[in-house]
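**Q** I'd like to ask you about the structure that follows.
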Amino acid sequence: MTKNYQIRIEGQTFTVVVSDEKEALLAAQAAGRAVLGVGKSCEGVEIPAVAQDWSCVSPKLAEQIARRKAGLPWIICAGERVTVREAAKSDWNGLIKWGPFKEWPDQAAFQAYIDGQYKFYEYGLWLIEEKKTGLLLGRAGVWNPDEETCRRLKAAGEESGEYLELGYEVFPPYRGKDFAKEACQAIIGYADWELECRLCVRIWPDNLPSLSLAEKLGFRRLREPEASFIPPHKGSGETLWPFLYVWSC
């Protein structure tokens with residue numbers, strides 16, 4: 001069976017061919033169409049994505065396939081005022097004034113992140129955009145916890161493989177307006193329904209706004225044994241240790 005989805009994105013119409021027939025998929029791909037395979041019969045075919053069965057196919061998935069084919073960012077989730085989406089090449093000039101960024105030290109690294117992280121993992125560090133104006137308000141997203149965080153989770157009796165780490169940053173002019181809270185609430189819902197994972201977040205004790213936000217979002221500070229392997233952070237004239245908060249979807 002073969003179905004064609006007509007997807008409208010930013011004033012353009014894209015056709016996505018969805019099929020459980022190898023020949024139809026290969027022909028559509030050769031013609032330059034976006035394609036999505038369905039079922040085991042399509043395994044091994046050189047196409048970007050294969051859905052487990054027809055029940056997994058939806059207009060949203062078809063739009064994601066169309067966006068990936070056209071090089072357009074995925075819309076991850078949204079709140080009342082903000083949209084959380086993947087970064088795109090065209091965002092660089094609007095971002096560099098808020099840098100430097102550890103994850104994106106230059107434009108080449110930024111593009112490599114877009115091409116690698118999103119396509120391979122389908123999650124990562126995203127952008128927060130104001131719906132009304134299209135302004136880039138900040139960044140937020142989820143990623144695999146580092147080795148240190150995994151050790152802390154395990155030491156507290158948690159299954160570290162069930163967790164992704166949440167991070168967020170709102171650029172200075174837009175702080176104090178609950179944009180971070182709205183974006184993170186949307187991401188928590190996305191992590192629950194789409195990624196089916198638990199979330200953790202690390203926050204320095206002197207970062208009072210982030211501590212308050214984590215608690216408002218429903219995170220709880222993890223009870224853990226003394227973790228001497230955590231590198232100290234200097235602040236306010238004393239040695240501080242990052243708190244680890246968890247949220248179970």
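A note on labels: chains of the structure tokens are A, B, ... as shown, every chain counts residues from 1, and ligands are counted from 1 in their shown order.
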If DSSP is run on the backbone, what residues of stretch 24-190 of chain A are strand (DSSP E)? A reply as an MDAnalysis selection string would be ideal.
**A** chainID A and resid 34:38 50:51 75:78 82:85 125:130 136:143 163:170
**Q** May I have the residues within 7 Å of stretch 80-82 of chain A as a list in words, using only C-alpha atoms and disregarding those fewer than 4 positions away in the same chain?
**A**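 Residues meeting the cut-off are Ile128, Glu129, Glu130, Lys131 and Ala183 of chain A.
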**Q** Could the residues in this selection be written to a file with N, CA and C atoms, as a PDB file, in the first residue's frame?
**A**
ATOM      1  N   ILE A 128      14.342  28.419  21.543  1.00  0.00           N
ATOM      2  CA  ILE A 128      13.047  28.911  22.016  1.00  0.00           C
ATOM      3  C   ILE A 128      12.705  30.151  21.194  1.00  0.00           C
ATOM      4  N   GLU A 129      11.576  30.119  20.539  1.00  0.00           N
ATOM      5  CA  GLU A 129      11.165  31.210  19.660  1.00  0.00           C
ATOM      6  C   GLU A 129       9.821  31.769  20.116  1.00  0.00           C
ATOM      7  N   GLU A 130       9.685  33.081  20.138  1.00  0.00           N
ATOM      8  CA  GLU A 130       8.410  33.686  20.481  1.00  0.00           C
ATOM      9  C   GLU A 130       7.454  33.569  19.304  1.00  0.00           C
ATOM     10  N   LYS A 131       6.286  33.018  19.536  1.00  0.00           N
ATOM     11  CA  LYS A 131       5.329  32.807  18.450  1.00  0.00           C
ATOM     12  C   LYS A 131       4.944  34.107  17.764  1.00  0.00           C
ATOM     13  N   ALA A 183       8.660  27.017  28.089  1.00  0.00           N
ATOM     14  CA  ALA A 183       9.391  26.142  27.178  1.00  0.00           C
ATOM     15  C   ALA A 183       9.693  24.797  27.837  1.00  0.00           C
TER      16      ALA A 183
END
**Q** Using only C-alpha atoms, determine which residues lie at most 12 Å from A:Asp106, disregarding the query and same-chain residues fewer than 3 positions distant; provide the list as number ranges by chain.
**A** A: 89, 92-93, 95-96, 99-103, 109-113
**Q** Deliver the residues from the most recent selection as a file, using N, CA, C and O atoms, as a PDB file, in the first residue's frame.
**A**
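As a result, result_14.pdb now contains:
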ATOM      1  N   LYS A  89      20.435  26.541   9.920  1.00  0.00           N
ATOM      2  CA  LYS A  89      21.607  27.299   9.450  1.00  0.00           C
ATOM      3  C   LYS A  89      21.351  28.794   9.475  1.00  0.00           C
ATOM      4  O   LYS A  89      22.226  29.585   9.857  1.00  0.00           O
ATOM      5  N   TRP A  92      22.133  31.312  12.681  1.00  0.00           N
ATOM      6  CA  TRP A  92      23.445  31.625  13.224  1.00  0.00           C
ATOM      7  C   TRP A  92      23.644  33.120  13.473  1.00  0.00           C
ATOM      8  O   TRP A  92      24.097  33.530  14.548  1.00  0.00           O
ATOM      9  N   ASN A  93      23.311  33.954  12.492  1.00  0.00           N
ATOM     10  CA  ASN A  93      23.545  35.392  12.647  1.00  0.00           C
ATOM     11  C   ASN A  93      22.748  35.986  13.797  1.00  0.00           C
ATOM     12  O   ASN A  93      23.169  36.962  14.421  1.00  0.00           O
ATOM     13  N   LEU A  95      22.061  34.326  16.526  1.00  0.00           N
ATOM     14  CA  LEU A  95      22.522  33.704  17.766  1.00  0.00           C
ATOM     15  C   LEU A  95      23.861  34.239  18.260  1.00  0.00           C
ATOM     16  O   LEU A  95      24.088  34.324  19.469  1.00  0.00           O
ATOM     17  N   ILE A  96      24.746  34.594  17.327  1.00  0.00           N
ATOM     18  CA  ILE A  96      26.129  34.877  17.723  1.00  0.00           C
ATOM     19  C   ILE A  96      26.231  36.070  18.679  1.00  0.00           C
ATOM     20  O   ILE A  96      27.175  36.150  19.464  1.00  0.00           O
ATOM     21  N   GLY A  99      26.403  34.747  22.140  1.00  0.00           N
ATOM     22  CA  GLY A  99      27.456  33.795  22.444  1.00  0.00           C
ATOM     23  C   GLY A  99      28.576  34.410  23.253  1.00  0.00           C
ATOM     24  O   GLY A  99      28.458  35.543  23.739  1.00  0.00           O
ATOM     25  N   PRO A 100      29.701  33.663  23.403  1.00  0.00           N
ATOM     26  CA  PRO A 100      29.975  32.380  22.764  1.00  0.00           C
ATOM     27  C   PRO A 100      29.247  31.222  23.446  1.00  0.00           C
ATOM     28  O   PRO A 100      28.900  31.318  24.621  1.00  0.00           O
ATOM     29  N   PHE A 101      29.042  30.153  22.686  1.00  0.00           N
ATOM     30  CA  PHE A 101      28.365  28.967  23.192  1.00  0.00           C
ATOM     31  C   PHE A 101      29.344  27.803  23.237  1.00  0.00           C
ATOM     32  O   PHE A 101      30.061  27.559  22.265  1.00  0.00           O
ATOM     33  N   LYS A 102      29.341  27.085  24.348  1.00  0.00           N
ATOM     34  CA  LYS A 102      30.222  25.931  24.482  1.00  0.00           C
ATOM     35  C   LYS A 102      29.937  24.893  23.404  1.00  0.00           C
ATOM     36  O   LYS A 102      30.850  24.317  22.817  1.00  0.00           O
ATOM     37  N   GLU A 103      28.655  24.658  23.139  1.00  0.00           N
ATOM     38  CA  GLU A 103      28.262  23.612  22.178  1.00  0.00           C
ATOM     39  C   GLU A 103      28.497  24.056  20.733  1.00  0.00           C
ATOM     40  O   GLU A 103      28.723  23.225  19.857  1.00  0.00           O
ATOM     41  N   ALA A 109      30.916  24.407  13.680  1.00  0.00           N
ATOM     42  CA  ALA A 109      30.453  23.498  14.739  1.00  0.00           C
ATOM     43  C   ALA A 109      28.941  23.535  14.856  1.00  0.00           C
ATOM     44  O   ALA A 109      28.294  22.509  15.119  1.00  0.00           O
ATOM     45  N   PHE A 110      28.363  24.709  14.666  1.00  0.00           N
ATOM     46  CA  PHE A 110      26.910  24.873  14.701  1.00  0.00           C
ATOM     47  C   PHE A 110      26.254  24.029  13.608  1.00  0.00           C
ATOM     48  O   PHE A 110      25.301  23.286  13.864  1.00  0.00           O
ATOM     49  N   GLN A 111      26.781  24.110  12.390  1.00  0.00           N
ATOM     50  CA  GLN A 111      26.214  23.338  11.284  1.00  0.00           C
ATOM     51  C   GLN A 111      26.430  21.842  11.486  1.00  0.00           C
ATOM     52  O   GLN A 111      25.537  21.032  11.181  1.00  0.00           O
ATOM     53  N   ALA A 112      27.590  21.468  12.009  1.00  0.00           N
ATOM     54  CA  ALA A 112      27.855  20.050  12.257  1.00  0.00           C
ATOM     55  C   ALA A 112      26.890  19.501  13.300  1.00  0.00           C
ATOM     56  O   ALA A 112      26.446  18.348  13.193  1.00  0.00           O
ATOM     57  N   TYR A 113      26.549  20.313  14.298  1.00  0.00           N
ATOM     58  CA  TYR A 113      25.583  19.892  15.321  1.00  0.00           C
ATOM     59  C   TYR A 113      24.216  19.655  14.685  1.00  0.00           C
ATOM     60  O   TYR A 113      23.555  18.647  14.964  1.00  0.00           O
TER      61      TYR A 113
END
**Q** Using only C-alpha atoms, what does the table of stretch 64-123 of chain A residues within 10 Å of stretch 133-145 of chain A look like, with each row giving the shortest atom pair and its distance in Å to one decimal, sorted by chain and ascending number, as CSV?
**A**
residue,atom,partner,partner_atom,distance
A:Ile76,CA,A:Gly141,CA,9.8
A:Arg81,CA,A:Thr133,CA,9.8
A:Val82,CA,A:Leu137,CA,8.7
A:Thr83,CA,A:Gly134,CA,9.1
A:Val84,CA,A:Ala140,CA,7.8
A:Arg85,CA,A:Ala140,CA,9.3
A:Glu86,CA,A:Gly141,CA,9.4
A:Ala87,CA,A:Arg139,CA,9.3
A:Asp91,CA,A:Leu136,CA,8.6
A:Gly94,CA,A:Leu136,CA,7.5
A:Leu95,CA,A:Leu136,CA,7.8
A:Trp98,CA,A:Gly138,CA,8.9
A:Gln117,CA,A:Trp143,CA,9.6
A:Tyr121,CA,A:Trp143,CA,9.0
A:Tyr123,CA,A:Val142,CA,6.5
**Q** Write the selection just made, keeping N, CA and C atoms, as a CSV table (one decimal), in the first residue's frame?
**A**
chain,number,residue,atom,x,y,z
A,76,ILE,N,9.4,21.0,17.7
A,76,ILE,CA,9.5,20.0,18.7
A,76,ILE,C,8.2,20.0,19.6
A,81,ARG,N,2.9,30.9,24.3
A,81,ARG,CA,3.6,32.0,23.7
A,81,ARG,C,4.9,31.6,23.0
A,82,VAL,N,5.4,30.4,23.2
A,82,VAL,CA,6.7,30.0,22.6
A,82,VAL,C,6.6,28.7,21.8
A,83,THR,N,7.5,28.6,20.9
A,83,THR,CA,7.7,27.4,20.1
A,83,THR,C,9.1,26.9,20.4
A,84,VAL,N,9.3,25.6,20.6
A,84,VAL,CA,10.6,25.0,20.8
A,84,VAL,C,10.9,24.3,19.5
A,85,ARG,N,12.0,24.6,18.8
A,85,ARG,CA,12.3,24.0,17.5
A,85,ARG,C,13.7,23.7,17.4
A,86,GLU,N,14.1,22.9,16.4
A,86,GLU,CA,15.5,22.7,16.1
A,86,GLU,C,16.1,24.0,15.6
A,87,ALA,N,17.4,24.1,15.7
A,87,ALA,CA,18.1,25.2,15.1
A,87,ALA,C,18.3,25.0,13.6
A,91,ASP,N,19.8,30.5,11.5
A,91,ASP,CA,19.7,31.1,12.8
A,91,ASP,C,21.0,31.7,13.3
A,94,GLY,N,21.6,35.4,14.1
A,94,GLY,CA,20.8,35.9,15.2
A,94,GLY,C,21.3,35.4,16.5
A,95,LEU,N,22.1,34.3,16.5
A,95,LEU,CA,22.5,33.7,17.8
A,95,LEU,C,23.9,34.2,18.3
A,98,TRP,N,24.6,36.5,21.2
A,98,TRP,CA,24.4,36.0,22.6
A,98,TRP,C,25.5,35.1,23.0
A,117,GLN,N,23.6,15.8,15.3
A,117,GLN,CA,22.8,15.6,16.5
A,117,GLN,C,21.3,15.3,16.2
A,121,TYR,N,20.0,11.5,16.7
A,121,TYR,CA,19.4,11.3,18.0
A,121,TYR,C,17.9,11.8,17.9
A,123,TYR,N,16.9,14.5,19.1
A,123,TYR,CA,16.8,15.4,20.2
A,123,TYR,C,18.1,16.1,20.4
**Q** Show which residues sit within 12 Å of A:Ser212, as a list in words. Count only C-alpha atoms, and ignore same-chain residues fewer than 6 positions away.
**A**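 These residues fall inside the cut-off: Asp178, Ala180, Lys181, Ile203, Trp204, Pro205, Asp206, Gly218, Phe219, Arg220, Arg221 and Tyr245 of chain A.
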**Q** Name the closest residue to A:Cys150 among the candidates A:Leu213, A:Val201, A:Ala70, A:Cys42; distances are taken between atoms, counting only C-alpha atoms.
**A**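 Closest candidate: A:Val201.
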**Q** Take atom CA of A:Glu159 and atom CA of A:Phe243 and report the distance between them in Å, one decimal.
**A**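 These two atoms are separated by 17.9 Å.
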**Q** Between atom CA of A:Leu166 and atom CA of A:Ile9, measure the distance and give it in Å to one decimal.
**A**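 Computing the Euclidean distance for atom CA of A:Leu166 and atom CA of A:Ile9 yields 28.6 Å.
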**Q** Just the number, please: distance in Å from atom CA of A:Leu199 to atom CA of A:Trp126, one decimal.
**A**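 Atom CA of A:Leu199 sits 15.8 Å away from atom CA of A:Trp126.
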**Q** Measuring atom to atom with only C-alpha atoms, identify which of A:Ser58, A:Thr149, A:Thr13, A:Ser90 is nearest to A:Leu164.
**A**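 Of A:Ser58, A:Thr149, A:Thr13, A:Ser90, the one nearest A:Leu164, counting only C-alpha atoms, is A:Thr149.
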**Q** From the list A:Val170, A:Ala191, A:Ile7, A:Leu36, which residue is nearest A:Pro209 when using only C-alpha atoms?
**A**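 Smallest separation from A:Pro209 among the options: A:Val170.
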**Q** Name the residues in contact with A:Arg33 at a cut-off of 12 Å, using only C-alpha atoms, excluding same-chain residues fewer than 6 positions from it; report them as a PyMOL selection string.
**A** chain A and resi 4-7+13-18+24-27+47-48+62+65-70
**Q** Please give the complete set of residues from stretch 73-169 of chain A that DSSP, run on the backbone, assigns to helix (DSSP H, G or I), formatted as a ChimeraX atom specification.
**A** /A:89-98,107-121,147-155,160-162
**Q** Name the closest residue to A:Trp247 among the candidates A:Arg202, A:Lys154, A:Lys97, A:Lys3; distances are taken between atoms, counting only C-alpha atoms.
**A**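 When distances to A:Trp247 are compared using only C-alpha atoms, the smallest one comes from A:Arg202.
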**Q** Considering only C-alpha atoms, state which residue in the set A:Cys197, A:Asn207, A:Gly11, A:Lys119 is at the smallest distance from A:Trp241.
**A**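 Of the candidates, the smallest distance to A:Trp241 is held by A:Asn207.
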**Q** In terms of the shortest atom-to-atom distance over only C-alpha atoms, which of A:Cys77, A:Arg198, A:Glu158, A:Leu244 is closest to A:Cys184?
**A**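 Among the listed residues, the smallest separation from A:Cys184 belongs to A:Cys77.
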